[in-house]
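Source file: my_file-v2.pdb (PDB, C-alpha atoms)
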ATOM      1  CA  MET A   1      29.781   7.786  51.656
ATOM      2  CA  ARG A   2      32.812   5.745  52.759
ATOM      3  CA  ALA A   3      34.645   8.710  54.334
ATOM      4  CA  ASP A   4      31.666   9.365  56.636
ATOM      5  CA  ARG A   5      31.598   5.680  57.597
ATOM      6  CA  LEU A   6      35.294   5.693  58.476
ATOM      7  CA  VAL A   7      34.771   8.651  60.781
ATOM      8  CA  SER A   8      31.845   6.856  62.422
ATOM      9  CA  LEU A   9      34.019   3.764  62.899
ATOM     10  CA  VAL A  10      36.710   5.774  64.696
ATOM     11  CA  LEU A  11      34.101   7.450  66.902
ATOM     12  CA  LEU A  12      32.646   4.062  67.852
ATOM     13  CA  LEU A  13      36.072   2.801  68.866
ATOM     14  CA  ARG A  14      36.740   5.963  70.885
ATOM     15  CA  ARG A  15      33.400   5.643  72.652
ATOM     16  CA  HIS A  16      33.464   1.902  73.397
ATOM     17  CA  GLY A  17      37.186   1.201  73.573
ATOM     18  CA  ARG A  18      37.023  -2.177  71.840
ATOM     19  CA  LEU A  19      34.469  -3.678  69.464
ATOM     20  CA  SER A  20      34.347  -6.842  67.399
ATOM     21  CA  ALA A  21      33.977  -6.757  63.642
ATOM     22  CA  ALA A  22      30.441  -8.115  63.998
ATOM     23  CA  ALA A  23      29.495  -5.380  66.477
ATOM     24  CA  LEU A  24      30.957  -2.672  64.234
ATOM     25  CA  ALA A  25      29.071  -4.135  61.266
ATOM     26  CA  ARG A  26      25.781  -3.936  63.200
ATOM     27  CA  GLU A  27      26.415  -0.344  64.289
ATOM     28  CA  LEU A  28      27.428   0.794  60.796
ATOM     29  CA  GLU A  29      24.816  -1.361  59.016
ATOM     30  CA  VAL A  30      27.374  -2.949  56.705
ATOM     31  CA  SER A  31      28.917  -6.409  56.313
ATOM     32  CA  THR A  32      31.839  -7.633  58.418
ATOM     33  CA  ARG A  33      33.890  -7.825  55.223
ATOM     34  CA  THR A  34      33.282  -4.087  54.685
ATOM     35  CA  VAL A  35      34.368  -3.404  58.274
ATOM     36  CA  LEU A  36      37.622  -5.309  57.716
ATOM     37  CA  ARG A  37      38.294  -3.297  54.530
ATOM     38  CA  ASP A  38      37.596  -0.057  56.413
ATOM     39  CA  ILE A  39      39.972  -1.073  59.226
ATOM     40  CA  GLU A  40      42.658  -1.729  56.614
ATOM     41  CA  ALA A  41      42.008   1.680  55.009
ATOM     42  CA  LEU A  42      42.302   3.441  58.379
ATOM     43  CA  SER A  43      45.594   1.688  59.108
ATOM     44  CA  ALA A  44      46.942   2.670  55.687
ATOM     45  CA  ALA A  45      45.927   6.285  56.396
ATOM     46  CA  GLY A  46      47.920   6.303  59.649
ATOM     47  CA  VAL A  47      45.125   5.813  62.182
ATOM     48  CA  PRO A  48      46.508   3.451  64.892
ATOM     49  CA  VAL A  49      43.895   0.685  64.871
ATOM     50  CA  TYR A  50      44.969  -2.716  66.196
ATOM     51  CA  ALA A  51      43.287  -6.099  66.602
ATOM     52  CA  GLU A  52      43.106  -8.233  69.743
ATOM     53  CA  ARG A  53      42.385 -11.917  69.251
ATOM     54  CA  GLY A  54      40.452 -14.205  71.556
ATOM     55  CA  ARG A  55      36.953 -14.558  72.909
ATOM     56  CA  HIS A  56      36.757 -10.967  74.096
ATOM     57  CA  GLY A  57      38.939  -9.533  71.361
ATOM     58  CA  GLY A  58      38.128  -7.030  68.677
ATOM     59  CA  PHE A  59      39.460  -3.794  67.253
ATOM     60  CA  ALA A  60      40.640  -0.789  69.256
ATOM     61  CA  LEU A  61      42.647   2.413  68.964
ATOM     62  CA  LEU A  62      46.054   2.667  70.573
ATOM     63  CA  PRO A  63      45.734   4.141  74.091
ATOM     64  CA  GLY A  64      46.264   7.885  74.158
ATOM     65  CA  PHE A  65      45.600   8.314  70.452
ATOM     66  CA  GLN A  66      45.129  12.052  69.947
ATOM     67  CA  THR A  67      45.721  14.419  67.041
ATOM     68  CA  GLU A  68      47.524  17.737  67.191
ATOM     69  CA  LEU A  69      44.877  19.657  65.235
ATOM     70  CA  THR A  70      43.356  22.443  67.376
ATOM     71  CA  GLY A  71      41.254  25.581  67.088
ATOM     72  CA  LEU A  72      38.264  24.222  65.144
ATOM     73  CA  ASN A  73      34.778  25.019  66.342
ATOM     74  CA  HIS A  74      31.665  22.928  65.721
ATOM     75  CA  ASP A  75      30.564  24.645  62.492
ATOM     76  CA  GLU A  76      34.066  24.589  61.017
ATOM     77  CA  ALA A  77      34.379  20.872  61.673
ATOM     78  CA  LEU A  78      30.912  20.246  60.235
ATOM     79  CA  ALA A  79      31.834  22.174  57.075
ATOM     80  CA  LEU A  80      34.874  19.932  56.622
ATOM     81  CA  LEU A  81      32.801  16.806  57.171
ATOM     82  CA  VAL A  82      30.270  17.930  54.567
ATOM     83  CA  ALA A  83      33.046  18.793  52.109
ATOM     84  CA  GLY A  84      34.598  15.414  52.779
ATOM     85  CA  SER A  85      31.505  13.608  51.555
ATOM     86  CA  ARG A  86      32.000  14.903  48.021
ATOM     87  CA  ARG A  87      33.458  12.778  45.251
ATOM     88  CA  GLY A  88      36.459  14.938  44.390
ATOM     89  CA  ALA A  89      38.818  13.241  46.821
ATOM     90  CA  GLN A  90      38.046   9.840  45.302
ATOM     91  CA  ALA A  91      38.408  11.144  41.746
ATOM     92  CA  PHE A  92      41.843  12.608  42.521
ATOM     93  CA  GLY A  93      43.139   9.608  44.495
ATOM     94  CA  LEU A  94      42.921  11.327  47.890
ATOM     95  CA  GLY A  95      40.382   9.019  49.522
ATOM     96  CA  ALA A  96      42.754   7.638  52.166
ATOM     97  CA  ALA A  97      44.151  11.087  52.945
ATOM     98  CA  LEU A  98      40.629  12.459  53.287
ATOM     99  CA  ALA A  99      39.607   9.710  55.693
ATOM    100  CA  SER A 100      42.691  10.359  57.830
ATOM    101  CA  ALA A 101      42.096  14.134  57.817
ATOM    102  CA  MET A 102      38.449  13.756  58.773
ATOM    103  CA  CYS A 103      39.356  11.461  61.670
ATOM    104  CA  LYS A 104      41.850  14.056  62.891
ATOM    105  CA  VAL A 105      39.256  16.813  62.639
ATOM    106  CA  VAL A 106      36.732  14.871  64.694
ATOM    107  CA  ASP A 107      39.326  13.708  67.213
ATOM    108  CA  ALA A 108      40.546  17.275  67.797
ATOM    109  CA  LEU A 109      37.125  18.536  68.880
ATOM    110  CA  PRO A 110      36.019  18.843  72.499
ATOM    111  CA  GLU A 111      33.784  15.944  73.552
ATOM    112  CA  SER A 112      30.554  17.967  73.328
ATOM    113  CA  TYR A 113      31.386  19.220  69.820
ATOM    114  CA  ARG A 114      32.570  15.781  68.705
ATOM    115  CA  VAL A 115      29.224  14.117  69.325
ATOM    116  CA  THR A 116      27.062  16.887  67.864
ATOM    117  CA  ALA A 117      29.264  17.414  64.774
ATOM    118  CA  ALA A 118      29.273  13.719  63.894
ATOM    119  CA  GLY A 119      25.523  13.500  64.492
ATOM    120  CA  ALA A 120      24.845  16.557  62.325
ATOM    121  CA  ALA A 121      26.978  15.154  59.507
ATOM    122  CA  GLN A 122      24.730  12.088  59.433
ATOM    123  CA  ARG A 123      21.786  14.394  58.663
ATOM    124  CA  LEU A 124      23.373  15.722  55.461
ATOM    125  CA  LEU A 125      23.859  13.824  52.204
ATOM    126  CA  ILE A 126      25.805  15.365  49.335
ATOM    127  CA  ASP A 127      25.807  13.889  45.808
ATOM    128  CA  PRO A 128      24.220  10.473  46.475
ATOM    129  CA  ASP A 129      24.891   7.576  44.127
ATOM    130  CA  THR A 130      21.364   7.752  42.629
ATOM    131  CA  ASP A 131      18.791  10.460  42.012
ATOM    132  CA  LEU A 132      15.057  10.278  42.765
ATOM    133  CA  LEU A 133      14.500   8.235  39.603
ATOM    134  CA  ALA A 134      17.079   5.668  40.789
ATOM    135  CA  ARG A 135      19.462   6.639  37.987
ATOM    136  CA  ARG A 136      22.873   5.601  39.229
ATOM    137  CA  GLN A 137      25.883   7.859  38.907
ATOM    138  CA  VAL A 138      28.933   5.687  38.365
ATOM    139  CA  PRO A 139      32.210   7.445  39.208
ATOM    140  CA  ASP A 140      35.279   6.792  37.094
ATOM    141  CA  GLU A 141      37.708   4.105  38.214
ATOM    142  CA  VAL A 142      41.250   5.531  38.120
ATOM    143  CA  PRO A 143      44.299   3.650  39.506
ATOM    144  CA  ASP A 144      45.803   5.492  42.472
ATOM    145  CA  THR A 145      49.308   5.209  40.970
ATOM    146  CA  VAL A 146      48.184   7.000  37.809
ATOM    147  CA  VAL A 147      46.284   9.830  39.447
ATOM    148  CA  ALA A 148      49.038  10.314  42.063
ATOM    149  CA  GLU A 149      51.652  10.785  39.324
ATOM    150  CA  VAL A 150      49.429  13.255  37.460
ATOM    151  CA  ARG A 151      48.590  15.099  40.684
ATOM    152  CA  ARG A 152      52.279  15.483  41.604
ATOM    153  CA  ALA A 153      53.063  16.906  38.166
ATOM    154  CA  VAL A 154      50.196  19.407  38.427
ATOM    155  CA  PHE A 155      51.298  20.664  41.850
ATOM    156  CA  ALA A 156      55.032  20.647  41.077
ATOM    157  CA  GLY A 157      54.587  22.429  37.754
ATOM    158  CA  HIS A 158      56.360  19.686  35.786
ATOM    159  CA  LYS A 159      55.589  18.151  32.417
ATOM    160  CA  VAL A 160      53.933  14.736  32.501
ATOM    161  CA  ARG A 161      53.947  11.828  30.037
ATOM    162  CA  ILE A 162      50.604  10.068  29.791
ATOM    163  CA  HIS A 163      49.669   6.852  27.999
ATOM    164  CA  TYR A 164      46.234   8.001  26.889
ATOM    165  CA  ALA A 165      43.485   5.997  25.183
ATOM    166  CA  ALA A 166      41.179   8.387  23.338
ATOM    167  CA  ALA A 167      37.671   7.099  22.634
ATOM    168  CA  GLY A 168      37.819   4.271  20.095
ATOM    169  CA  GLN A 169      41.607   4.451  19.744
ATOM    170  CA  ALA A 170      44.611   2.516  21.030
ATOM    171  CA  PRO A 171      46.622   4.195  23.825
ATOM    172  CA  LYS A 172      49.400   6.544  22.733
ATOM    173  CA  TRP A 173      52.144   8.263  24.705
ATOM    174  CA  ARG A 174      52.079  12.048  24.743
ATOM    175  CA  THR A 175      53.848  14.713  26.807
ATOM    176  CA  VAL A 176      51.698  17.557  28.132
ATOM    177  CA  ASP A 177      51.967  20.634  30.329
ATOM    178  CA  PRO A 178      49.419  20.129  33.124
ATOM    179  CA  ILE A 179      47.291  23.072  34.240
ATOM    180  CA  GLY A 180      44.876  21.608  36.769
ATOM    181  CA  LEU A 181      42.428  18.864  37.714
ATOM    182  CA  VAL A 182      38.636  19.053  37.530
ATOM    183  CA  THR A 183      36.000  16.639  38.801
ATOM    184  CA  VAL A 184      32.428  16.666  37.462
ATOM    185  CA  ARG A 185      29.812  14.177  38.704
ATOM    186  CA  GLY A 186      32.398  11.636  39.718
ATOM    187  CA  GLN A 187      34.461  12.006  36.527
ATOM    188  CA  GLY A 188      37.962  13.452  36.744
ATOM    189  CA  TYR A 189      39.693  15.460  34.020
ATOM    190  CA  LEU A 190      43.208  16.786  33.450
ATOM    191  CA  LEU A 191      43.365  20.232  31.861
ATOM    192  CA  ALA A 192      46.647  20.635  29.999
ATOM    193  CA  ILE A 193      48.486  22.269  27.114
ATOM    194  CA  ARG A 194      50.026  20.214  24.317
ATOM    195  CA  SER A 195      52.001  21.777  21.463
ATOM    196  CA  GLY A 196      50.567  25.162  22.416
ATOM    197  CA  GLU A 197      46.935  23.987  22.249
ATOM    198  CA  ASP A 198      44.459  23.497  25.091
ATOM    199  CA  ARG A 199      43.691  19.843  25.760
ATOM    200  CA  THR A 200      41.330  18.043  28.139
ATOM    201  CA  TYR A 201      42.027  14.418  29.145
ATOM    202  CA  ARG A 202      39.672  12.150  31.048
ATOM    203  CA  LEU A 203      41.589  10.572  33.936
ATOM    204  CA  SER A 204      39.951   7.164  33.521
ATOM    205  CA  ARG A 205      41.446   6.956  30.004
ATOM    206  CA  ILE A 206      45.019   7.474  31.216
ATOM    207  CA  VAL A 207      46.583   4.011  31.284
ATOM    208  CA  ALA A 208      49.905   5.128  32.765
ATOM    209  CA  ALA A 209      51.589   8.396  33.717
ATOM    210  CA  GLU A 210      55.109   9.618  34.463
ATOM    211  CA  GLU A 211      56.043  12.955  36.008
ATOM    212  CA  LEU A 212      59.059  14.519  34.266
ATOM    213  CA  ASP A 213      61.735  16.800  35.715
ATOM    214  CA  GLU A 214      61.235  19.391  32.969
ATOM    215  CA  PRO A 215      59.219  22.472  34.041
ATOM    216  CA  ALA A 216      55.769  22.790  32.476
ATOM    217  CA  GLN A 217      55.144  25.647  30.076
ATOM    218  CA  ARG A 218      51.990  27.105  31.581
ATOM    219  CA  PRO A 219      50.646  30.400  33.019
ATOM    220  CA  ASP A 220      51.736  31.231  36.568
ATOM    221  CA  ARG A 221      48.123  31.795  37.579
ATOM    222  CA  VAL A 222      44.977  30.062  36.330
ATOM    223  CA  ASP A 223      41.226  30.421  36.847
ATOM    224  CA  LEU A 224      40.163  26.780  36.571
ATOM    225  CA  ASP A 225      36.463  27.581  36.632
ATOM    226  CA  ARG A 226      36.808  29.961  33.709
ATOM    227  CA  ALA A 227      39.104  27.552  31.834
ATOM    228  CA  TRP A 228      36.564  24.748  32.256
ATOM    229  CA  GLN A 229      33.707  26.969  31.034
ATOM    230  CA  GLU A 230      35.693  28.044  27.965
ATOM    231  CA  ARG A 231      36.569  24.464  27.043
ATOM    232  CA  GLY A 232      32.981  23.413  27.523
ATOM    233  CA  THR A 233      31.849  26.175  25.179
ATOM    234  CA  ARG A 234      34.346  25.126  22.512
ATOM    235  CA  PHE A 235      33.242  21.504  22.846
ATOM    236  CA  ARG A 236      29.569  22.376  22.465
ATOM    237  CA  THR A 237      30.151  24.652  19.486
ATOM    238  CA  GLY A 238      32.449  22.257  17.610
ATOM    239  CA  GLY A 239      31.601  19.300  15.416
ATOM    240  CA  ASP A 240      28.870  18.906  12.824
ATOM    241  CA  GLN A 241      26.154  21.059  14.345
ATOM    242  CA  VAL A 242      22.549  20.630  13.246
ATOM    243  CA  ASP A 243      19.867  23.318  13.063
ATOM    244  CA  VAL A 244      16.317  22.036  13.594
ATOM    245  CA  VAL A 245      12.941  23.744  13.172
ATOM    246  CA  LEU A 246      10.208  22.215  15.305
ATOM    247  CA  ARG A 247       6.882  22.781  16.991
ATOM    248  CA  LEU A 248       6.855  22.255  20.748
ATOM    249  CA  ASN A 249       4.365  21.949  23.565
ATOM    250  CA  PRO A 250       5.346  24.848  25.868
ATOM    251  CA  ALA A 251       5.131  22.515  28.874
ATOM    252  CA  ARG A 252       8.319  20.820  27.589
ATOM    253  CA  ARG A 253      10.264  23.977  26.774
ATOM    254  CA  ASP A 254      12.576  23.658  29.786
ATOM    255  CA  ASP A 255      13.453  20.090  28.770
ATOM    256  CA  LEU A 256      14.469  21.262  25.308
ATOM    257  CA  VAL A 257      16.464  24.222  26.610
ATOM    258  CA  ALA A 258      18.356  21.917  28.969
ATOM    259  CA  THR A 259      19.754  19.798  26.135
ATOM    260  CA  ALA A 260      19.980  22.106  23.089
ATOM    261  CA  LEU A 261      23.154  24.053  22.337
ATOM    262  CA  ALA A 262      21.197  27.176  21.437
ATOM    263  CA  ILE A 263      17.676  28.490  20.833
ATOM    264  CA  ARG A 264      18.023  30.707  17.777
ATOM    265  CA  THR A 265      14.407  31.806  17.238
ATOM    266  CA  GLU A 266      11.185  31.299  19.154
ATOM    267  CA  GLU A 267       7.598  32.399  18.545
ATOM    268  CA  ALA A 268       4.151  31.376  19.752
ATOM    269  CA  GLU A 269       1.648  29.924  17.282
ATOM    270  CA  ALA A 270      -2.121  30.308  17.260
ATOM    271  CA  ASP A 271      -2.744  26.940  18.947
ATOM    272  CA  GLY A 272      -0.489  27.815  21.889
ATOM    273  CA  TRP A 273       2.454  25.687  20.785
ATOM    274  CA  LEU A 274       5.897  27.194  20.156
ATOM    275  CA  ARG A 275       7.792  27.291  16.877
ATOM    276  CA  LEU A 276      11.540  27.205  17.469
ATOM    277  CA  GLU A 277      14.795  27.003  15.560
ATOM    278  CA  VAL A 278      17.245  25.042  17.696
ATOM    279  CA  THR A 279      20.892  24.000  17.329
ATOM    280  CA  PHE A 280      22.151  20.558  18.408
ATOM    281  CA  GLN A 281      25.694  19.153  18.631
ATOM    282  CA  ASP A 282      25.232  16.701  15.743
ATOM    283  CA  SER A 283      22.650  14.448  14.082
ATOM    284  CA  ARG A 284      22.670  11.844  16.870
ATOM    285  CA  HIS A 285      22.165  14.527  19.493
ATOM    286  CA  ALA A 286      19.274  16.024  17.517
ATOM    287  CA  GLU A 287      17.502  12.687  17.055
ATOM    288  CA  TRP A 288      17.983  11.723  20.710
ATOM    289  CA  ALA A 289      16.709  15.073  22.027
ATOM    290  CA  VAL A 290      13.604  15.097  19.828
ATOM    291  CA  TRP A 291      12.814  11.487  20.723
ATOM    292  CA  GLN A 292      12.797  12.372  24.432
ATOM    293  CA  LEU A 293       9.989  14.875  23.769
ATOM    294  CA  ALA A 294       7.727  12.153  22.283
ATOM    295  CA  THR A 295       4.399  13.582  21.043
ATOM    296  CA  ASN A 296       5.141  16.967  22.614
ATOM    297  CA  ALA A 297       7.288  17.963  19.631
ATOM    298  CA  GLU A 298       7.056  17.819  15.849
ATOM    299  CA  VAL A 299      10.084  18.243  13.604
ATOM    300  CA  LEU A 300       9.417  20.525  10.633
ATOM    301  CA  ALA A 301      12.939  20.568   9.205
ATOM    302  CA  PRO A 302      15.303  19.098   8.176
ATOM    303  CA  GLN A 303      13.435  16.365   6.375
ATOM    304  CA  TRP A 304      15.989  13.646   7.205
ATOM    305  CA  LEU A 305      15.417  14.177  10.944
ATOM    306  CA  ARG A 306      11.638  14.088  10.525
ATOM    307  CA  ALA A 307      12.007  10.812   8.602
ATOM    308  CA  ALA A 308      14.407   9.380  11.228
ATOM    309  CA  VAL A 309      11.961  10.051  14.072
ATOM    310  CA  ARG A 310       9.075   8.619  11.996
ATOM    311  CA  ASP A 311      11.035   5.456  11.171
ATOM    312  CA  ARG A 312      12.030   4.954  14.797
ATOM    313  CA  ALA A 313       8.423   5.344  15.938
ATOM    314  CA  ALA A 314       7.241   2.908  13.240
ATOM    315  CA  ALA A 315       9.839   0.336  14.292
ATOM    316  CA  LEU A 316       8.771   0.643  17.928
ATOM    317  CA  ALA A 317       5.091   0.271  17.016
ATOM    318  CA  ALA A 318       5.886  -2.800  14.905
ATOM    319  CA  ARG A 319       7.791  -4.382  17.777
ATOM    320  CA  TYR A 320       4.830  -4.049  20.123
ATOM    321  CA  ASP A 321       2.361  -5.251  17.463
ATOM    322  CA  ALA A 322       4.339  -8.458  16.987
ATOM    323  CA  MET A 323       2.573 -10.425  19.774
TER     324      MET A 323
END

Whole structure, C-alpha cells version:
Amino acid sequence: MRADRLVSLVLLLRRHGRLSAAALARELEVSTRTVLRDIEALSAAGVPVYAERGRHGGFALLPGFQTELTGLNHDEALALLVAGSRRGAQAFGLGAALASAMCKVVDALPESYRVTAAGAAQRLLIDPDTDLLARRQVPDEVPDTVVAEVRRAVFAGHKVRIHYAAAGQAPKWRTVDPIGLVTVRGQGYLLAIRSGEDRTYRLSRIVAAEELDEPAQRPDRVDLDRAWQERGTRFRTGGDQVDVVLRLNPARRDDLVATALAIRTEEAEADGWLRLEVTFQDSRHAEWAVWQLATNAEVLAPQWLRAAVRDRAAALAARYDAM
C-alpha cells in the first residue's frame, strides 16, 4: 500500500540522512518515477523533504525534523499503521493526510520502537489488490475536490448539492442532507436523506459537489453500521424478485447461499441431492447464479429459466464444436 511505502521512505531518510532517487527506488523496490511522486506527496502533506543537486546530492529531511506527537507505545503505533493500510482513507480523499499522520506516528516513537514497529507493519497485509485467484479489486476513482466538499458537508452538518450521474442516466443536480460516508471494498458511498427519503449515492458517480450554508435536516445521532445494513436489506428485497426451484449437489450449497437473497425451503432427496426453493434479485441474477453451479444444479422451475440455462449451454457447446 502507498501509505506504508511513504512511511518506509521517511524512515530511510531518517536512517541514512540523504539518499538519491535511484537508491530509494532500490530500497523500496519501485521505479524512480514512483519515488519522485512519493516525495511530492510527502511535501504536499507537510513533511519537510528537500532535494540537493550535484554528484553527491539526493533527498533528505530538514535537520531537526521532529513531530510533537507523544505517548504512543509500540502496539498502539502498530495498530495505527495497520489501520492506515486500509482503503478508507483513499476512498474519502484522506490519502495525503493519512501519510502525514503515519509519518508523525513513526517519528514520535523512541528509536527502539520505531524500528520494530515499522518492521512489524511490513509483516501484515490488509485488503490486497487481488485475492488468491488473482481477481483484482479496483477501487473507485473520486476527484479529491469532490470528496473533500462532500466530507466537509457531512462533518459540518450542512446540506450539499451534488451533480450525480445515476447508472445509465445523464448527471442531474440534487440537494441532499448528508448522514455519513461508507467505504466497502474500495468503493465509497454517501448516505443521505432527500425529500424525506433515505438515499445512497456512490461517490464515483458524483461529478461535482457544493457544500451549502443551510443546516442539514438529519438525526443528531446515527448508527452508520445499522443504517448500511438496513439499506442493504431494502436493496436486496426490492426489484423484480424471482423464486426458483432447483436440485443441488450439497457440496455446492454454501456457494448458493452466498449469492441467493433467501432460501425459502430445503429438503434432502433420496439420491442425496437437495431440493430448494430460492429467491434471487431478478432474472439476470437467477440465471447468473445457476450458471455458476454448472452441472451441480438443475433448475426445475420456472420453465423460462430452465430454457435460458439450456440455450446458453447449447450455444457454448456449439461454439466449441465449430473448429

Applying the PyMOL selection byres ((chain A and resi 262-270) around 12) to the file I just gave you, which residues come out? Please list them as a PyMOL selection string.
chain A and resi 233+236-237+241-250+253-254+256-261+271-281+286

What is the distance, in Å and to one decimal place, between atom CA of A:Gln187 and atom CA of A:Asp220?
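These two atoms are separated by 25.8 Å.
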
What does the distance from atom CA of A:Ala45 to atom CA of A:Pro63 come to in Å, to one decimal?
17.8 Å

Contacts of stretch 137-153 of chain A within 6 Å, all atoms listed in the file, excl. fewer than 2 positions in-chain, as an MDAnalysis selection string:
chainID A and resid 93 129:130 155:158 186:187 204 208:209 211

Extract, using all atoms listed in the file, all DNA, RNA and protein residues at most 12 Å from A:Gly54, discarding same-chain residues fewer than 4 positions from it, and format them as a PDB file with C-alpha atoms, in the frame of the given file.
ATOM      1  CA  SER A  20      34.347  -6.842  67.399  1.00  0.00           C
ATOM      2  CA  GLY A  58      38.128  -7.030  68.677  1.00  0.00           C
ATOM      3  CA  PHE A  59      39.460  -3.794  67.253  1.00  0.00           C
TER       4      PHE A  59
END

Atomic separation - atom CA of A:Ala251 relative to atom CA of A:Ala317, Å:
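Between atom CA of A:Ala317 and atom CA of A:Ala251 the gap works out to 25.2 Å.
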
Target residues per the PyMOL selection byres ((chain A and resi 38) around 12), formatted as a ChimeraX atom specification:
/A:2-10,21,24-25,28,30-37,39-45,47,49,59,95-96,99-100

Here is a test: counting only C-alpha atoms, which residue of A:Tyr189, A:Phe235, A:Trp173, A:Tyr201 is nearest to A:Asp282?
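Selected residue with least distance to A:Asp282: A:Phe235.
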
Chain and number of each residue from the PyMOL selection byres ((chain A and resi 176) around 6), as number ranges by chain
A: 159-160, 175, 177, 193-194

I'd like to know which of A:Arg55, A:Arg310, A:His16, A:Arg161 is closest to A:Ala216, using only C-alpha atoms.
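Smallest separation from A:Ala216 among the options: A:Arg161.
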
Selected residue of minimal separation from A:Ile206 among A:Val182, A:Ile162, A:Ala307, A:Leu224, counting all atoms listed in the file:
A:Ile162

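Across A:Asp198, A:Glu230, A:Glu298, A:Asp311, the tightest approach to A:Gln217 is made by A:Asp198 when counting all atoms listed in the file.
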
4 Å per side around stretch 271-286 of chain A: axis-aligned box centre and edge lengths, as AutoDock Vina command-line options:
--center_x 11.5 --center_y 19.8 --center_z 18.0 --size_x 36.4 --size_y 24.0 --size_z 15.8
